Amino acid sequence: MQRIATTVRLNRSVLQFDDAAHARLEQYLAESAALLEGDPDPQEILADLEQAVADQCTRRMRPGQTVVTLAELQPALEEIGALQAPGAETASAHTVREPAVRSLQQISEGAVISGVCAGLARYLNLNATLLRVVAVLLLLGTGGAMVLVYLSLMVLMPYAPLQPGGEPIRWLPAKTRAFMEYIRVKLGVDRPRNVTA
Amino acid sequence: MAAEPKLAPIRKGLLEFLVLKIVGAKSVYVPDILRELAGTEFATQEGTLYPLLSKLRREDLVQYEWKESDAGPPRKYYRLTDTGRAQLDALNEYWTLINRTIANFGH
């Protein structure tokens, strides 16, 4: 029986395929081309793929073998695998977002006084209770200077957005809170509310 | 594993980052990349890598040059462009950041 071989140019390599292997190769390349529908640069990928097929088949051929059969082609295609489109080409490369910085804010939920310690704890990645104990010790140690520090922070640190179901600090009248927010905006340490960033 | 369907997209999303890392370490051709990924969770195939590299080249993150090989046709060697280097640095930084964020939750 005489095998009829077809000579195929695969990118930079030239190989001979028997009929069955040639048919399978054509099928694989046609499927790959179809998968690249819509890709901006299908020629380059197909050329790379052709070279991969040629290299993989050559590697599998016995010394002296001249014609590629399915015995080489099939495992070669399995190793190469079907074309997978990379994630949709998004504009993310051009619009890399600034990573969210953990900001220094007062946290009203679970606040003991105004949420300054809770906010500082989150900012410094410390335990809030520990920080409160330290604050009280400093208050006793510094004889009142700590009160000024706390009050300043209470005025200057912006309020963190309330969590769903969270309540603003109850002992502080809404008008006072609004006034402090106004001062912060004036001082440039907070952004006006109801403005979508 | 029941979680597997949720893990696959994570791997898929990170493959690009990983390829940038590999190409950033030294000039490589595709079989080098496959070898480095083989045996990890990110083991992949040429069919996946070529379209990805083509996309990265269009985005001007990698570029390649032809190099003669001892056996067979010349090979494409990929390396990072300056833009690619900057993006890799940004990805590394972001990766560290989100890892820390994730570690901070659920205690």
# chains A, B, ... in the order shown; residues from 1 in each chain; ligands from 1
>>> select_by_dssp(residues="chain B", states="strand (DSSP E)", output="MDAnalysis selection string")
chainID B and resid 62:67 75:80
>>> write_last_selection(atoms="N, CA and C atoms", output="PDB file, in the first residue's frame")
ATOM      1  N   VAL B  62       4.636  43.515  26.255  1.00  0.00           N
ATOM      2  CA  VAL B  62       5.785  42.654  25.934  1.00  0.00           C
ATOM      3  C   VAL B  62       6.184  42.918  24.481  1.00  0.00           C
ATOM      4  N   GLN B  63       7.401  42.557  24.165  1.00  0.00           N
ATOM      5  CA  GLN B  63       7.813  42.545  22.759  1.00  0.00           C
ATOM      6  C   GLN B  63       8.695  41.322  22.556  1.00  0.00           C
ATOM      7  N   TYR B  64       8.887  40.922  21.299  1.00  0.00           N
ATOM      8  CA  TYR B  64       9.703  39.735  21.086  1.00  0.00           C
ATOM      9  C   TYR B  64      10.771  40.009  20.046  1.00  0.00           C
ATOM     10  N   GLU B  65      11.766  39.166  20.064  1.00  0.00           N
ATOM     11  CA  GLU B  65      12.753  39.210  18.990  1.00  0.00           C
ATOM     12  C   GLU B  65      13.060  37.774  18.583  1.00  0.00           C
ATOM     13  N   TRP B  66      13.435  37.613  17.328  1.00  0.00           N
ATOM     14  CA  TRP B  66      13.759  36.290  16.827  1.00  0.00           C
ATOM     15  C   TRP B  66      15.179  35.938  17.212  1.00  0.00           C
ATOM     16  N   LYS B  67      15.344  34.678  17.684  1.00  0.00           N
ATOM     17  CA  LYS B  67      16.701  34.218  17.967  1.00  0.00           C
ATOM     18  C   LYS B  67      16.898  32.872  17.306  1.00  0.00           C
ATOM     19  N   ARG B  75      13.437  31.103  17.068  1.00  0.00           N
ATOM     20  CA  ARG B  75      12.385  31.168  18.092  1.00  0.00           C
ATOM     21  C   ARG B  75      12.114  32.608  18.473  1.00  0.00           C
ATOM     22  N   LYS B  76      10.850  32.805  18.917  1.00  0.00           N
ATOM     23  CA  LYS B  76      10.452  34.134  19.391  1.00  0.00           C
ATOM     24  C   LYS B  76      10.789  34.220  20.875  1.00  0.00           C
ATOM     25  N   TYR B  77      11.641  35.167  21.217  1.00  0.00           N
ATOM     26  CA  TYR B  77      11.940  35.396  22.631  1.00  0.00           C
ATOM     27  C   TYR B  77      11.229  36.657  23.102  1.00  0.00           C
ATOM     28  N   TYR B  78      10.458  36.503  24.179  1.00  0.00           N
ATOM     29  CA  TYR B  78       9.666  37.621  24.688  1.00  0.00           C
ATOM     30  C   TYR B  78      10.383  38.298  25.843  1.00  0.00           C
ATOM     31  N   ARG B  79      10.222  39.618  25.912  1.00  0.00           N
ATOM     32  CA  ARG B  79      10.653  40.339  27.101  1.00  0.00           C
ATOM     33  C   ARG B  79       9.699  41.507  27.363  1.00  0.00           C
ATOM     34  N   LEU B  80       9.805  42.093  28.560  1.00  0.00           N
ATOM     35  CA  LEU B  80       8.895  43.178  28.926  1.00  0.00           C
ATOM     36  C   LEU B  80       9.333  44.483  28.277  1.00  0.00           C
TER      37      LEU B  80
END
>>> interface_residues(of="chain A", to="chain B", cutoff="7 Å", atoms="only C-alpha atoms", output="PDB file with C-alpha atoms, in the first residue's frame")
ATOM      1  CA  ARG A  12       8.729  28.437   9.145  1.00  0.00           C
ATOM      2  CA  SER A  13       8.662  24.659   8.918  1.00  0.00           C
ATOM      3  CA  ILE A  45      -1.617  33.770  16.624  1.00  0.00           C
ATOM      4  CA  ASP A  48       2.528  30.857  16.265  1.00  0.00           C
ATOM      5  CA  GLU A  79      -0.604  19.142  24.294  1.00  0.00           C
ATOM      6  CA  ILE A  80      -1.153  22.430  22.499  1.00  0.00           C
ATOM      7  CA  GLY A  81      -4.815  22.542  23.446  1.00  0.00           C
ATOM      8  CA  ALA A  82      -7.657  24.504  21.876  1.00  0.00           C
ATOM      9  CA  LEU A  83      -7.216  28.231  21.532  1.00  0.00           C
ATOM     10  CA  GLN A  84      -8.422  30.124  24.590  1.00  0.00           C
ATOM     11  CA  ALA A  85      -9.220  33.769  24.239  1.00  0.00           C
ATOM     12  CA  PRO A  86      -7.574  35.780  26.990  1.00  0.00           C
TER      13      PRO A  86
END
>>> residues_around(residues="stretch 165-180 of chain A", least_positions_apart="6", cutoff="8 Å", atoms="only C-alpha atoms", output="JSON list (two decimals) with N, CA and C atoms, in the first residue's frame")
[["chain", "number", "residue", "atom", "x", "y", "z"],
["A", 108, "SER", "N", -18.74, 55.67, 63.53],
["A", 108, "SER", "CA", -19.85, 55.89, 64.46],
["A", 108, "SER", "C", -20.38, 54.60, 65.07],
["A", 109, "GLU", "N", -20.35, 53.54, 64.29],
["A", 109, "GLU", "CA", -20.89, 52.28, 64.80],
["A", 109, "GLU", "C", -20.02, 51.77, 65.95],
["A", 111, "ALA", "N", -19.20, 53.32, 68.56],
["A", 111, "ALA", "CA", -18.36, 54.35, 69.13],
["A", 111, "ALA", "C", -18.63, 54.49, 70.63],
["A", 113, "ILE", "N", -17.32, 57.35, 72.40],
["A", 113, "ILE", "CA", -17.61, 58.78, 72.46],
["A", 113, "ILE", "C", -18.03, 59.26, 71.06],
["A", 114, "SER", "N", -17.08, 59.27, 70.16],
["A", 114, "SER", "CA", -17.40, 59.78, 68.82],
["A", 114, "SER", "C", -16.88, 58.87, 67.70],
["A", 155, "VAL", "N", -13.19, 66.92, 65.80],
["A", 155, "VAL", "CA", -13.63, 67.94, 64.86],
["A", 155, "VAL", "C", -13.04, 67.68, 63.47],
["A", 156, "LEU", "N", -11.77, 67.26, 63.44],
["A", 156, "LEU", "CA", -11.07, 67.19, 62.16],
["A", 156, "LEU", "C", -11.29, 65.90, 61.38]]
>>> select_by_dssp(residues="stretch 32-136 of chain A", states="helix (DSSP H, G or I)", output="CSV table (one decimal) with C-alpha atoms, in the first residue's frame")
chain,number,residue,atom,x,y,z
A,32,SER,CA,-8.6,27.7,15.5
A,33,ALA,CA,-9.2,30.4,12.8
A,34,ALA,CA,-12.9,30.3,13.7
A,35,LEU,CA,-12.1,30.8,17.4
A,42,PRO,CA,-5.5,36.4,14.2
A,43,GLN,CA,-2.6,36.1,11.7
A,44,GLU,CA,0.1,36.3,14.3
A,45,ILE,CA,-1.6,33.8,16.6
A,46,LEU,CA,-2.3,31.3,13.8
A,47,ALA,CA,1.4,31.6,12.7
A,48,ASP,CA,2.5,30.9,16.3
A,49,LEU,CA,0.1,28.0,16.4
A,50,GLU,CA,1.3,26.5,13.1
A,51,GLN,CA,4.9,26.7,14.4
A,52,ALA,CA,3.9,25.0,17.6
A,53,VAL,CA,2.2,22.1,15.7
A,54,ALA,CA,5.3,21.7,13.5
A,55,ASP,CA,7.7,21.7,16.5
A,56,GLN,CA,5.5,19.3,18.5
A,57,CYS,CA,5.2,16.9,15.6
A,58,THR,CA,8.9,17.0,14.7
A,59,ARG,CA,9.7,16.3,18.3
A,60,ARG,CA,7.5,13.2,18.2
A,70,LEU,CA,-2.1,10.8,13.5
A,71,ALA,CA,0.2,9.0,16.0
A,72,GLU,CA,2.3,12.2,16.2
A,73,LEU,CA,-0.3,14.8,15.4
A,74,GLN,CA,-3.0,13.8,17.9
A,75,PRO,CA,-0.9,14.0,21.0
A,76,ALA,CA,0.7,17.1,19.7
A,77,LEU,CA,-2.7,18.8,19.3
A,78,GLU,CA,-3.7,17.6,22.8
A,79,GLU,CA,-0.6,19.1,24.3
A,80,ILE,CA,-1.2,22.4,22.5
A,91,ALA,CA,-9.8,49.3,28.9
A,92,SER,CA,-8.4,48.6,32.3
A,93,ALA,CA,-4.9,48.9,31.0
A,116,VAL,CA,-12.1,58.6,67.0
A,117,CYS,CA,-10.4,55.5,68.6
A,118,ALA,CA,-12.3,53.1,66.4
A,119,GLY,CA,-11.2,55.1,63.4
A,120,LEU,CA,-7.6,55.4,64.5
A,121,ALA,CA,-7.6,51.6,65.3
A,122,ARG,CA,-8.8,50.8,61.8
A,123,TYR,CA,-6.3,53.2,60.3
A,124,LEU,CA,-3.3,51.9,62.3
A,128,ALA,CA,-9.8,49.5,69.2
A,129,THR,CA,-10.2,48.5,72.8
A,130,LEU,CA,-6.4,48.5,73.3
A,131,LEU,CA,-6.3,52.0,71.8
A,132,ARG,CA,-9.0,53.2,74.0
A,133,VAL,CA,-7.2,51.9,77.1
A,134,VAL,CA,-4.0,53.7,75.9
A,135,ALA,CA,-6.0,56.9,75.4
A,136,VAL,CA,-7.5,56.8,78.9
>>> residues_around(residues="A:Leu139", least_positions_apart="5", cutoff="10 Å", atoms="only C-alpha atoms", output="PyMOL selection string")
chain A and resi 133-134+144-150
>>> residues_around(residues="B:Ala43", least_positions_apart="4", cutoff="10 Å", atoms="only C-alpha atoms", output="list in words")
Arg11, Leu15, Ile33, Leu34, Arg35, Glu36, Leu37, Ala38 and Gly39 of chain B
>>> write_last_selection(atoms="N, CA and C atoms", output="PDB file, in the first residue's frame")
ATOM      1  N   ARG B  11      -7.792  31.686  38.686  1.00  0.00           N
ATOM      2  CA  ARG B  11      -6.547  31.302  38.002  1.00  0.00           C
ATOM      3  C   ARG B  11      -6.449  31.995  36.654  1.00  0.00           C
ATOM      4  N   LEU B  15      -3.393  34.526  35.394  1.00  0.00           N
ATOM      5  CA  LEU B  15      -2.403  33.990  34.454  1.00  0.00           C
ATOM      6  C   LEU B  15      -1.610  35.113  33.783  1.00  0.00           C
ATOM      7  N   ILE B  33       8.120  29.312  29.224  1.00  0.00           N
ATOM      8  CA  ILE B  33       6.990  29.760  30.051  1.00  0.00           C
ATOM      9  C   ILE B  33       6.153  28.553  30.467  1.00  0.00           C
ATOM     10  N   LEU B  34       5.872  27.669  29.493  1.00  0.00           N
ATOM     11  CA  LEU B  34       5.065  26.482  29.804  1.00  0.00           C
ATOM     12  C   LEU B  34       5.749  25.628  30.866  1.00  0.00           C
ATOM     13  N   ARG B  35       7.068  25.518  30.751  1.00  0.00           N
ATOM     14  CA  ARG B  35       7.802  24.698  31.708  1.00  0.00           C
ATOM     15  C   ARG B  35       7.712  25.279  33.113  1.00  0.00           C
ATOM     16  N   GLU B  36       7.838  26.604  33.193  1.00  0.00           N
ATOM     17  CA  GLU B  36       7.786  27.229  34.511  1.00  0.00           C
ATOM     18  C   GLU B  36       6.415  27.068  35.159  1.00  0.00           C
ATOM     19  N   LEU B  37       5.374  27.081  34.318  1.00  0.00           N
ATOM     20  CA  LEU B  37       4.015  26.991  34.869  1.00  0.00           C
ATOM     21  C   LEU B  37       3.601  25.542  35.124  1.00  0.00           C
ATOM     22  N   ALA B  38       4.223  24.612  34.391  1.00  0.00           N
ATOM     23  CA  ALA B  38       3.849  23.199  34.533  1.00  0.00           C
ATOM     24  C   ALA B  38       4.075  22.765  35.983  1.00  0.00           C
ATOM     25  N   GLY B  39       3.148  21.977  36.497  1.00  0.00           N
ATOM     26  CA  GLY B  39       3.302  21.490  37.859  1.00  0.00           C
ATOM     27  C   GLY B  39       2.795  22.472  38.897  1.00  0.00           C
TER      28      GLY B  39
END
>>> atom_distance(atom1="atom CA of B:Arg85", atom2="atom CA of B:Leu20")
8.3 Å
>>> atom_distance(atom1="atom CA of B:Tyr29", atom2="atom CA of B:Thr96")
27.8 Å
>>> residues_around(residues="A:Ile4", least_positions_apart="5", cutoff="9 Å", atoms="only C-alpha atoms", output="VMD selection string")
chain A and resid 17 to 19
>>> write_last_selection(atoms="N, CA and C atoms", output="JSON list (two decimals), in the first residue's frame")
[["chain", "number", "residue", "atom", "x", "y", "z"],
["A", 17, "PHE", "N", 2.49, 15.30, 5.71],
["A", 17, "PHE", "CA", 1.44, 14.65, 6.50],
["A", 17, "PHE", "C", 0.76, 13.58, 5.65],
["A", 18, "ASP", "N", 0.42, 12.44, 6.28],
["A", 18, "ASP", "CA", -0.39, 11.47, 5.54],
["A", 18, "ASP", "C", -1.82, 11.97, 5.49],
["A", 19, "ASP", "N", -2.68, 11.29, 4.76],
["A", 19, "ASP", "CA", -4.03, 11.81, 4.52],
["A", 19, "ASP", "C", -4.82, 12.07, 5.79]]
